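Heads up, upload.pdb below (PDB, C-alpha atoms):
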```
ATOM      1  CA  MET O   9      17.857  13.192  -8.314  1.00  0.00           C
ATOM      2  CA  ASP O  10      19.530  10.637 -10.533  1.00  0.00           C
ATOM      3  CA  ALA O  11      16.967   7.848 -10.495  1.00  0.00           C
ATOM      4  CA  ALA O  12      18.956   5.142 -12.280  1.00  0.00           C
ATOM      5  CA  GLU O  13      19.861   3.093  -9.196  1.00  0.00           C
ATOM      6  CA  VAL O  14      16.344   3.343  -7.806  1.00  0.00           C
ATOM      7  CA  LEU O  15      14.740   2.418 -11.123  1.00  0.00           C
ATOM      8  CA  ALA O  16      17.095  -0.547 -11.468  1.00  0.00           C
ATOM      9  CA  ALA O  17      15.931  -1.865  -8.087  1.00  0.00           C
ATOM     10  CA  LEU O  18      12.260  -1.823  -9.071  1.00  0.00           C
ATOM     11  CA  ALA O  19      10.415  -4.867 -10.357  1.00  0.00           C
ATOM     12  CA  PHE O  20       7.790  -3.456 -12.684  1.00  0.00           C
ATOM     13  CA  ASP O  21       4.901  -5.826 -13.368  1.00  0.00           C
ATOM     14  CA  ARG O  22       3.723  -6.999 -16.784  1.00  0.00           C
ATOM     15  CA  ASP O  23       1.909  -3.681 -17.198  1.00  0.00           C
ATOM     16  CA  GLY O  24       5.090  -1.809 -16.347  1.00  0.00           C
ATOM     17  CA  LEU O  25       3.802  -0.682 -12.947  1.00  0.00           C
ATOM     18  CA  VAL O  26       4.748  -0.760  -9.290  1.00  0.00           C
ATOM     19  CA  ALA O  27       2.365  -0.071  -6.407  1.00  0.00           C
ATOM     20  CA  ALA O  28       2.893   3.125  -4.436  1.00  0.00           C
ATOM     21  CA  VAL O  29       1.536   3.754  -0.963  1.00  0.00           C
ATOM     22  CA  ALA O  30       1.322   7.399   0.091  1.00  0.00           C
ATOM     23  CA  GLN O  31       1.634   8.053   3.812  1.00  0.00           C
ATOM     24  CA  GLN O  32       1.417  11.436   5.507  1.00  0.00           C
ATOM     25  CA  HIS O  33       4.966  11.907   6.729  1.00  0.00           C
ATOM     26  CA  ASP O  34       4.249  13.352  10.159  1.00  0.00           C
ATOM     27  CA  THR O  35       1.032  11.662  11.258  1.00  0.00           C
ATOM     28  CA  GLY O  36       1.546   8.204   9.710  1.00  0.00           C
ATOM     29  CA  GLU O  37      -1.884   8.278   8.092  1.00  0.00           C
ATOM     30  CA  VAL O  38      -2.056   6.060   5.011  1.00  0.00           C
ATOM     31  CA  LEU O  39      -3.624   8.271   2.363  1.00  0.00           C
ATOM     32  CA  MET O  40      -3.890   6.205  -0.801  1.00  0.00           C
ATOM     33  CA  LEU O  41      -2.546   3.411  -2.919  1.00  0.00           C
ATOM     34  CA  ALA O  42      -1.857   4.113  -6.557  1.00  0.00           C
ATOM     35  CA  TRP O  43       0.460   3.027  -9.362  1.00  0.00           C
ATOM     36  CA  MET O  44       3.592   4.293 -11.016  1.00  0.00           C
ATOM     37  CA  ASN O  45       5.290   3.432 -14.241  1.00  0.00           C
ATOM     38  CA  ARG O  46       8.948   4.140 -14.926  1.00  0.00           C
ATOM     39  CA  ASP O  47       8.277   7.686 -16.111  1.00  0.00           C
ATOM     40  CA  ALA O  48       6.154   8.469 -13.053  1.00  0.00           C
ATOM     41  CA  VAL O  49       8.884   7.259 -10.698  1.00  0.00           C
ATOM     42  CA  ALA O  50      11.557   9.232 -12.538  1.00  0.00           C
ATOM     43  CA  GLU O  51       9.469  12.404 -12.586  1.00  0.00           C
ATOM     44  CA  THR O  52       8.545  12.075  -8.921  1.00  0.00           C
ATOM     45  CA  LEU O  53      12.171  11.656  -7.884  1.00  0.00           C
ATOM     46  CA  ALA O  54      13.259  14.530 -10.119  1.00  0.00           C
ATOM     47  CA  THR O  55      10.634  17.041  -9.066  1.00  0.00           C
ATOM     48  CA  GLY O  56       9.772  16.091  -5.493  1.00  0.00           C
ATOM     49  CA  ARG O  57       6.070  16.265  -6.465  1.00  0.00           C
ATOM     50  CA  VAL O  58       4.277  12.960  -6.643  1.00  0.00           C
ATOM     51  CA  CYS O  59       3.249  11.795 -10.105  1.00  0.00           C
ATOM     52  CA  TYR O  60       1.348   8.520 -10.510  1.00  0.00           C
ATOM     53  CA  TRP O  61       0.189   6.539 -13.512  1.00  0.00           C
ATOM     54  CA  SER O  62      -3.577   6.515 -13.930  1.00  0.00           C
ATOM     55  CA  ARG O  63      -4.606   3.057 -15.044  1.00  0.00           C
ATOM     56  CA  SER O  64      -8.084   4.262 -16.020  1.00  0.00           C
ATOM     57  CA  ARG O  65      -6.913   7.255 -18.053  1.00  0.00           C
ATOM     58  CA  ARG O  66      -3.678   5.585 -19.195  1.00  0.00           C
ATOM     59  CA  ALA O  67      -1.750   8.769 -18.553  1.00  0.00           C
ATOM     60  CA  LEU O  68       0.623  10.319 -16.050  1.00  0.00           C
ATOM     61  CA  TRP O  69      -1.366  11.681 -13.153  1.00  0.00           C
ATOM     62  CA  ARG O  70       0.213  14.611 -11.378  1.00  0.00           C
ATOM     63  CA  LYS O  71      -1.584  15.014  -8.091  1.00  0.00           C
ATOM     64  CA  GLY O  72      -2.977  18.504  -7.876  1.00  0.00           C
ATOM     65  CA  GLU O  73      -2.400  19.333 -11.547  1.00  0.00           C
ATOM     66  CA  SER O  74      -6.031  19.619 -12.610  1.00  0.00           C
ATOM     67  CA  SER O  75      -7.594  20.257  -9.235  1.00  0.00           C
ATOM     68  CA  GLY O  76      -6.956  19.899  -5.578  1.00  0.00           C
ATOM     69  CA  PRO O  77      -3.718  19.889  -3.688  1.00  0.00           C
ATOM     70  CA  GLY O  78      -0.607  18.041  -4.711  1.00  0.00           C
ATOM     71  CA  GLN O  79       1.631  15.765  -2.719  1.00  0.00           C
ATOM     72  CA  ARG O  80       5.058  17.007  -1.788  1.00  0.00           C
ATOM     73  CA  LEU O  81       7.517  14.161  -1.468  1.00  0.00           C
ATOM     74  CA  VAL O  82       9.353  14.071   1.853  1.00  0.00           C
ATOM     75  CA  ALA O  83      10.972  10.619   1.739  1.00  0.00           C
ATOM     76  CA  ARG O  84      10.792   7.435  -0.298  1.00  0.00           C
ATOM     77  CA  ARG O  85      11.171   3.773   0.542  1.00  0.00           C
ATOM     78  CA  VAL O  86      11.495   0.669  -1.628  1.00  0.00           C
ATOM     79  CA  ASP O  87      10.269  -2.696  -0.425  1.00  0.00           C
ATOM     80  CA  CYS O  88      12.247  -5.924  -0.216  1.00  0.00           C
ATOM     81  CA  ASP O  89      11.316  -7.236  -3.637  1.00  0.00           C
ATOM     82  CA  GLY O  90      11.126  -3.898  -5.400  1.00  0.00           C
ATOM     83  CA  ASP O  91       7.499  -4.049  -6.460  1.00  0.00           C
ATOM     84  CA  ALA O  92       6.174  -1.466  -4.034  1.00  0.00           C
ATOM     85  CA  LEU O  93       7.131   2.036  -2.989  1.00  0.00           C
ATOM     86  CA  LEU O  94       6.266   3.827   0.207  1.00  0.00           C
ATOM     87  CA  LEU O  95       6.079   7.568  -0.333  1.00  0.00           C
ATOM     88  CA  LEU O  96       6.200   9.777   2.719  1.00  0.00           C
ATOM     89  CA  VAL O  97       4.428  12.905   1.615  1.00  0.00           C
ATOM     90  CA  ASP O  98       3.023  16.153   2.787  1.00  0.00           C
ATOM     91  CA  GLN O  99      -0.581  16.165   1.640  1.00  0.00           C
ATOM     92  CA  THR O 100      -2.620  19.226   2.377  1.00  0.00           C
ATOM     93  CA  SER O 101      -6.378  18.762   2.364  1.00  0.00           C
ATOM     94  CA  ALA O 102      -7.844  15.759   0.515  1.00  0.00           C
ATOM     95  CA  ALA O 103      -5.844  12.940  -1.051  1.00  0.00           C
ATOM     96  CA  CYS O 104      -9.013  11.201  -2.279  1.00  0.00           C
ATOM     97  CA  HIS O 105     -11.078  12.263  -5.283  1.00  0.00           C
ATOM     98  CA  THR O 106     -14.164  12.010  -3.055  1.00  0.00           C
ATOM     99  CA  GLY O 107     -12.884  14.898  -0.955  1.00  0.00           C
ATOM    100  CA  GLN O 108     -11.882  12.628   1.882  1.00  0.00           C
ATOM    101  CA  ARG O 109      -8.514  13.133   3.487  1.00  0.00           C
ATOM    102  CA  SER O 110      -7.614   9.453   2.901  1.00  0.00           C
ATOM    103  CA  CYS O 111      -8.981   7.009   0.338  1.00  0.00           C
ATOM    104  CA  PHE O 112      -9.316   4.502   3.204  1.00  0.00           C
ATOM    105  CA  PHE O 113     -12.332   6.187   4.788  1.00  0.00           C
ATOM    106  CA  ARG O 114     -14.471   3.055   5.045  1.00  0.00           C
ATOM    107  CA  ALA O 115     -14.009   0.521   7.799  1.00  0.00           C
ATOM    108  CA  ALA O 116     -15.192  -3.074   7.631  1.00  0.00           C
ATOM    109  CA  ARG O 117     -16.859  -3.710  10.975  1.00  0.00           C
ATOM    110  CA  ASP O 118     -18.970  -6.754  11.801  1.00  0.00           C
ATOM    111  CA  GLY O 119     -19.399  -7.499   8.118  1.00  0.00           C
ATOM    112  CA  ARG O 120     -20.567  -3.973   7.268  1.00  0.00           C
ATOM    113  CA  LEU O 121     -18.773  -1.085   5.579  1.00  0.00           C
ATOM    114  CA  VAL O 122     -18.905   2.020   7.742  1.00  0.00           C
ATOM    115  CA  THR O 123     -17.760   5.496   6.689  1.00  0.00           C
ATOM    116  CA  ILE O 124     -15.486   6.679   9.478  1.00  0.00           C
ATOM    117  CA  ALA O 125     -14.479  10.152   8.323  1.00  0.00           C
ATOM    118  CA  GLU O 126     -16.045  13.269   6.896  1.00  0.00           C
ATOM    119  CA  PRO O 127     -14.847  14.857   3.642  1.00  0.00           C
ATOM    120  CA  VAL O 128     -12.421  17.742   4.073  1.00  0.00           C
ATOM    121  CA  ALA O 129     -12.980  19.173   0.588  1.00  0.00           C
ATOM    122  CA  ALA O 130     -15.398  19.027  -2.328  1.00  0.00           C
ATOM    123  CA  PRO O 131     -15.135  15.985  -4.602  1.00  0.00           C
ATOM    124  CA  SER O 132     -12.848  16.378  -7.588  1.00  0.00           C
ATOM    125  CA  PRO O 133     -14.613  16.944 -10.887  1.00  0.00           C
TER     126      PRO O 133
ATOM    127  CA  MET L  16     -17.555 -12.014  10.482  1.00  0.00           C
ATOM    128  CA  ASP L  17     -19.961 -12.259   7.569  1.00  0.00           C
ATOM    129  CA  ALA L  18     -17.801 -11.003   4.743  1.00  0.00           C
ATOM    130  CA  ALA L  19     -20.420 -10.766   1.995  1.00  0.00           C
ATOM    131  CA  GLU L  20     -20.876  -6.981   2.083  1.00  0.00           C
ATOM    132  CA  VAL L  21     -17.137  -6.372   2.258  1.00  0.00           C
ATOM    133  CA  LEU L  22     -16.401  -8.796  -0.575  1.00  0.00           C
ATOM    134  CA  ALA L  23     -19.111  -7.184  -2.691  1.00  0.00           C
ATOM    135  CA  ALA L  24     -17.407  -3.802  -2.291  1.00  0.00           C
ATOM    136  CA  LEU L  25     -14.063  -5.067  -3.552  1.00  0.00           C
ATOM    137  CA  ALA L  26     -12.915  -4.680  -7.143  1.00  0.00           C
ATOM    138  CA  PHE L  27     -10.684  -7.687  -7.740  1.00  0.00           C
ATOM    139  CA  ASP L  28      -8.320  -7.281 -10.696  1.00  0.00           C
ATOM    140  CA  ARG L  29      -8.056  -9.613 -13.684  1.00  0.00           C
ATOM    141  CA  ASP L  30      -6.005 -11.992 -11.554  1.00  0.00           C
ATOM    142  CA  GLY L  31      -8.674 -11.949  -8.865  1.00  0.00           C
ATOM    143  CA  LEU L  32      -6.563  -9.900  -6.442  1.00  0.00           C
ATOM    144  CA  VAL L  33      -6.695  -6.716  -4.411  1.00  0.00           C
ATOM    145  CA  ALA L  34      -3.684  -4.995  -2.859  1.00  0.00           C
ATOM    146  CA  ALA L  35      -3.392  -5.055   0.919  1.00  0.00           C
ATOM    147  CA  VAL L  36      -1.246  -2.679   2.946  1.00  0.00           C
ATOM    148  CA  ALA L  37      -0.383  -3.828   6.459  1.00  0.00           C
ATOM    149  CA  GLN L  38       0.188  -1.074   8.998  1.00  0.00           C
ATOM    150  CA  GLN L  39       1.155  -1.545  12.624  1.00  0.00           C
ATOM    151  CA  HIS L  40      -1.962  -0.356  14.409  1.00  0.00           C
ATOM    152  CA  ASP L  41      -0.359   1.588  17.229  1.00  0.00           C
ATOM    153  CA  THR L  42       2.793   3.054  15.699  1.00  0.00           C
ATOM    154  CA  GLY L  43       1.558   3.721  12.157  1.00  0.00           C
ATOM    155  CA  GLU L  44       4.543   1.943  10.635  1.00  0.00           C
ATOM    156  CA  VAL L  45       3.786   0.585   7.168  1.00  0.00           C
ATOM    157  CA  LEU L  46       4.992  -3.001   7.283  1.00  0.00           C
ATOM    158  CA  MET L  47       4.346  -4.539   3.889  1.00  0.00           C
ATOM    159  CA  LEU L  48       2.255  -4.592   0.757  1.00  0.00           C
ATOM    160  CA  ALA L  49       0.875  -7.914  -0.396  1.00  0.00           C
ATOM    161  CA  TRP L  50      -2.087  -9.367  -2.258  1.00  0.00           C
ATOM    162  CA  MET L  51      -5.339 -11.054  -1.375  1.00  0.00           C
ATOM    163  CA  ASN L  52      -7.799 -13.048  -3.404  1.00  0.00           C
ATOM    164  CA  ARG L  53     -11.406 -13.565  -2.379  1.00  0.00           C
ATOM    165  CA  ASP L  54     -10.593 -16.571  -0.205  1.00  0.00           C
ATOM    166  CA  ALA L  55      -7.790 -14.725   1.573  1.00  0.00           C
ATOM    167  CA  VAL L  56     -10.065 -11.784   2.387  1.00  0.00           C
ATOM    168  CA  ALA L  57     -12.818 -14.070   3.641  1.00  0.00           C
ATOM    169  CA  GLU L  58     -10.430 -16.092   5.800  1.00  0.00           C
ATOM    170  CA  THR L  59      -8.776 -12.981   7.226  1.00  0.00           C
ATOM    171  CA  LEU L  60     -12.122 -11.473   8.194  1.00  0.00           C
ATOM    172  CA  ALA L  61     -13.339 -14.761   9.654  1.00  0.00           C
ATOM    173  CA  THR L  62     -10.262 -15.583  11.714  1.00  0.00           C
ATOM    174  CA  GLY L  63      -8.758 -12.212  12.588  1.00  0.00           C
ATOM    175  CA  ARG L  64      -5.369 -13.546  11.434  1.00  0.00           C
ATOM    176  CA  VAL L  65      -4.043 -12.103   8.210  1.00  0.00           C
ATOM    177  CA  CYS L  66      -3.940 -14.436   5.230  1.00  0.00           C
ATOM    178  CA  TYR L  67      -2.554 -13.229   1.904  1.00  0.00           C
ATOM    179  CA  TRP L  68      -2.299 -14.760  -1.543  1.00  0.00           C
ATOM    180  CA  SER L  69       1.236 -15.549  -2.585  1.00  0.00           C
ATOM    181  CA  ARG L  70       1.583 -14.697  -6.255  1.00  0.00           C
ATOM    182  CA  SER L  71       4.872 -16.575  -6.512  1.00  0.00           C
ATOM    183  CA  ARG L  72       3.653 -19.768  -4.842  1.00  0.00           C
ATOM    184  CA  ARG L  73       0.066 -19.403  -6.093  1.00  0.00           C
ATOM    185  CA  ALA L  74      -1.288 -20.388  -2.723  1.00  0.00           C
ATOM    186  CA  LEU L  75      -2.852 -18.886   0.374  1.00  0.00           C
ATOM    187  CA  TRP L  76      -0.132 -17.471   2.579  1.00  0.00           C
ATOM    188  CA  ARG L  77      -0.943 -17.416   6.237  1.00  0.00           C
ATOM    189  CA  LYS L  78       1.554 -15.117   7.896  1.00  0.00           C
ATOM    190  CA  GLY L  79       3.349 -17.037  10.595  1.00  0.00           C
ATOM    191  CA  GLU L  80       2.098 -20.441   9.488  1.00  0.00           C
ATOM    192  CA  SER L  81       5.412 -21.905   8.395  1.00  0.00           C
ATOM    193  CA  SER L  82       7.740 -19.668  10.353  1.00  0.00           C
ATOM    194  CA  GLY L  83       7.864 -16.366  12.093  1.00  0.00           C
ATOM    195  CA  PRO L  84       5.148 -14.388  13.763  1.00  0.00           C
ATOM    196  CA  GLY L  85       1.691 -13.865  12.362  1.00  0.00           C
ATOM    197  CA  GLN L  86      -0.310 -10.711  12.002  1.00  0.00           C
ATOM    198  CA  ARG L  87      -3.283 -10.215  14.250  1.00  0.00           C
ATOM    199  CA  LEU L  88      -5.927  -8.093  12.588  1.00  0.00           C
ATOM    200  CA  VAL L  89      -7.009  -5.080  14.617  1.00  0.00           C
ATOM    201  CA  ALA L  90      -9.011  -3.097  12.054  1.00  0.00           C
ATOM    202  CA  ARG L  91      -9.632  -3.045   8.338  1.00  0.00           C
ATOM    203  CA  ARG L  92     -10.258  -0.292   5.814  1.00  0.00           C
ATOM    204  CA  VAL L  93     -11.419  -0.372   2.191  1.00  0.00           C
ATOM    205  CA  ASP L  94     -10.373   2.343  -0.237  1.00  0.00           C
ATOM    206  CA  CYS L  95     -12.625   4.521  -2.371  1.00  0.00           C
ATOM    207  CA  ASP L  96     -12.618   2.290  -5.427  1.00  0.00           C
ATOM    208  CA  GLY L  97     -12.397  -1.020  -3.626  1.00  0.00           C
ATOM    209  CA  ASP L  98      -9.135  -2.254  -5.077  1.00  0.00           C
ATOM    210  CA  ALA L  99      -7.021  -1.809  -1.970  1.00  0.00           C
ATOM    211  CA  LEU L 100      -7.307  -2.755   1.676  1.00  0.00           C
ATOM    212  CA  LEU L 101      -5.566  -1.185   4.627  1.00  0.00           C
ATOM    213  CA  LEU L 102      -5.057  -3.718   7.408  1.00  0.00           C
ATOM    214  CA  LEU L 103      -4.268  -2.376  10.837  1.00  0.00           C
ATOM    215  CA  VAL L 104      -2.414  -5.215  12.466  1.00  0.00           C
ATOM    216  CA  ASP L 105      -0.430  -6.210  15.468  1.00  0.00           C
ATOM    217  CA  GLN L 106       2.819  -7.588  14.107  1.00  0.00           C
ATOM    218  CA  THR L 107       5.317  -8.892  16.576  1.00  0.00           C
ATOM    219  CA  SER L 108       8.895  -9.101  15.373  1.00  0.00           C
ATOM    220  CA  ALA L 109       9.571  -9.155  11.628  1.00  0.00           C
ATOM    221  CA  ALA L 110       6.970  -8.658   8.911  1.00  0.00           C
ATOM    222  CA  CYS L 111       9.578  -9.097   6.156  1.00  0.00           C
ATOM    223  CA  HIS L 112      11.046 -12.402   5.016  1.00  0.00           C
ATOM    224  CA  THR L 113      14.483 -10.791   5.298  1.00  0.00           C
ATOM    225  CA  GLY L 114      14.036 -10.489   9.061  1.00  0.00           C
ATOM    226  CA  GLN L 115      13.411  -6.770   8.881  1.00  0.00           C
ATOM    227  CA  ARG L 116      10.547  -5.311  10.843  1.00  0.00           C
ATOM    228  CA  SER L 117       9.126  -3.686   7.687  1.00  0.00           C
ATOM    229  CA  CYS L 118       9.597  -4.628   4.038  1.00  0.00           C
ATOM    230  CA  PHE L 119      10.241  -0.921   3.366  1.00  0.00           C
ATOM    231  CA  PHE L 120      13.708  -0.892   4.934  1.00  0.00           C
ATOM    232  CA  ARG L 121      15.460   0.795   2.019  1.00  0.00           C
ATOM    233  CA  ALA L 122      15.310   4.523   1.454  1.00  0.00           C
ATOM    234  CA  ALA L 123      16.006   6.215  -1.861  1.00  0.00           C
ATOM    235  CA  ARG L 124      18.260   9.136  -1.040  1.00  0.00           C
ATOM    236  CA  ASP L 125      20.111  11.241  -3.592  1.00  0.00           C
ATOM    237  CA  GLY L 126      19.654   8.541  -6.193  1.00  0.00           C
ATOM    238  CA  ARG L 127      21.030   5.782  -3.960  1.00  0.00           C
ATOM    239  CA  LEU L 128      19.273   3.008  -2.056  1.00  0.00           C
ATOM    240  CA  VAL L 129      20.247   3.073   1.594  1.00  0.00           C
ATOM    241  CA  THR L 130      19.309   0.441   4.182  1.00  0.00           C
ATOM    242  CA  ILE L 131      17.829   2.371   7.089  1.00  0.00           C
ATOM    243  CA  ALA L 132      17.009  -0.380   9.593  1.00  0.00           C
ATOM    244  CA  GLU L 133      18.597  -3.459  11.097  1.00  0.00           C
ATOM    245  CA  PRO L 134      16.917  -6.881  10.984  1.00  0.00           C
ATOM    246  CA  VAL L 135      15.010  -7.819  14.107  1.00  0.00           C
ATOM    247  CA  ALA L 136      14.969 -11.573  13.364  1.00  0.00           C
ATOM    248  CA  ALA L 137      16.677 -14.173  11.229  1.00  0.00           C
ATOM    249  CA  PRO L 138      15.578 -14.357   7.595  1.00  0.00           C
ATOM    250  CA  SER L 139      12.756 -16.768   6.872  1.00  0.00           C
ATOM    251  CA  PRO L 140      13.828 -20.028   5.250  1.00  0.00           C
TER     252      PRO L 140
END
```
Show this structure as structure tokens.
Amino acid sequence: MDAAEVLAALAFDRDGLVAAVAQQHDTGEVLMLAWMNRDAVAETLATGRVCYWSRSRRALWRKGESSGPGQRLVARRVDCDGDALLLLVDQTSAACHTGQRSCFFRAARDGRLVTIAEPVAAPSP
Amino acid sequence: MDAAEVLAALAFDRDGLVAAVAQQHDTGEVLMLAWMNRDAVAETLATGRVCYWSRSRRALWRKGESSGPGQRLVARRVDCDGDALLLLVDQTSAACHTGQRSCFFRAARDGRLVTIAEPVAAPSP
């Protein structure tokens, strides 16, 4: 996919990043929130496999490259001010490095954090 | 709600913010991505009405305060590393200042941005 028009619509922050929300395309489950730089967006649009930017490792982060399943891109949305992407993906098994299906596996209830799901895979190394 | 345990689990960035994804609780629609500082999180948990931090206005931003409908908080999730919240909300009418139901009303298709929804309300002033 030629990404020029999409890239031009994005408002990268001072670190050159936009936020990306990954949502399972068929169930609506929100899986994770991560970051993309220009190269990550371009690669993701070109390949149909989701590639983020790891802020901790300061490197492109291809989901599933080193371990665990990747995210196949099904559809992509851009928000009103261009600083966030919504990625509709097909995520098999765990999206979270903890082995949880979703990174949002803790609920805040009555002032406490409660784990509301069981891991579906082993934690990533 | 006593927010101390929840606040302690959050990893605020160098600007004192965490990302917050608002999702319609019953349909799964992702409505918007915005930001919260410590005060916004505490107020949201205390009141059950979603309050963000507006980075452009540098002020608390109570959805629906000046115009348009607010967001009633139904449930709240914290991600694995504490830098993002998932807010399950009940959003009547438009979440987006453009009058669209969701801020993610543009799809990237074949390198083009395509508007895939019609506004449900007038734009906010």
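Proximity to chain L was assessed for O:Arg46, O:Arg109, O:Arg85, O:Arg117 counting all atoms listed in the file; the smallest distance is recorded for O:Arg85.
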Can you check which residues of chain O have any atom within 10 Å of chain L? Use only C-alpha atoms and format it as number ranges by chain. O: 9-15, 17, 27-29, 31, 35-42, 53-54, 83-95, 104-106, 108, 110-124
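Non-sequential neighbours of L:Val89 (distance at most 9 Å, separation of 3 or more positions within a chain, all atoms listed in the file) are L:His40, L:Gly63, L:Leu102, L:Leu103, L:Val104, L:Asp105.
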Okay, now the selection with C-alpha atoms, as a PDB file, keeping the file's coordinate frame?
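Contents of again-v5.pdb, as written:
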```pdb
ATOM      1  CA  HIS L  40      -1.962  -0.356  14.409  1.00  0.00           C
ATOM      2  CA  GLY L  63      -8.758 -12.212  12.588  1.00  0.00           C
ATOM      3  CA  LEU L 102      -5.057  -3.718   7.408  1.00  0.00           C
ATOM      4  CA  LEU L 103      -4.268  -2.376  10.837  1.00  0.00           C
ATOM      5  CA  VAL L 104      -2.414  -5.215  12.466  1.00  0.00           C
ATOM      6  CA  ASP L 105      -0.430  -6.210  15.468  1.00  0.00           C
TER       7      ASP L 105
END
```
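With only C-alpha atoms as the atoms that count, the residue of L:Lys78, L:Leu88, L:Ala55, L:Arg64 with the shortest distance to L:Ser139 is L:Lys78.
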Residues within 10 Å of L:Ser69, all atoms listed in the file, excluding chain neighbours under 2 positions, as a list of chain:residue names: L:Ala49, L:Trp50, L:Met51, L:Asn52, L:Ala55, L:Cys66, L:Tyr67, L:Ser71, L:Arg72, L:Arg73, L:Ala74, L:Leu75, L:Trp76, L:Arg77
Create the file for the chosen residues now, containing C-alpha atoms and written as a CSV table (one decimal), in the frame of the given file.
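Listing of out10.csv after writing:
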```
chain,number,residue,atom,x,y,z
L,49,ALA,CA,0.9,-7.9,-0.4
L,50,TRP,CA,-2.1,-9.4,-2.3
L,51,MET,CA,-5.3,-11.1,-1.4
L,52,ASN,CA,-7.8,-13.0,-3.4
L,55,ALA,CA,-7.8,-14.7,1.6
L,66,CYS,CA,-3.9,-14.4,5.2
L,67,TYR,CA,-2.6,-13.2,1.9
L,71,SER,CA,4.9,-16.6,-6.5
L,72,ARG,CA,3.7,-19.8,-4.8
L,73,ARG,CA,0.1,-19.4,-6.1
L,74,ALA,CA,-1.3,-20.4,-2.7
L,75,LEU,CA,-2.9,-18.9,0.4
L,76,TRP,CA,-0.1,-17.5,2.6
L,77,ARG,CA,-0.9,-17.4,6.2
```
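For the atom pair formed by atom CA of O:Leu25 and atom CA of O:Trp61, the distance is 8.1 Å, given to one decimal.
A straight line drawn from atom CA of O:Val58 to atom CA of O:Gln79 is 5.5 Å long.
Here atom CA of L:Gly114 stands at a distance of 5.0 Å from atom CA of L:Pro134.
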With 8 Å on each side, where is the centre of the axis-aligned box around all listed atoms of stretch 83-96 of chain O, and how long are its edges in Å to one decimal, as lines of an AutoDock Vina configuration file?
```
center_x = 9.2
center_y = 1.7
center_z = -1.9
size_x = 22.2
size_y = 33.9
size_z = 25.2
```
When you look at L:Gln106 with a cut-off of 8 Å (counting all atoms listed in the file), what residues show up, excluding the ones that are within fewer than 3 positions of it in the same chain? I need them as a PyMOL selection string. chain L and resi 39+84-87+109-110
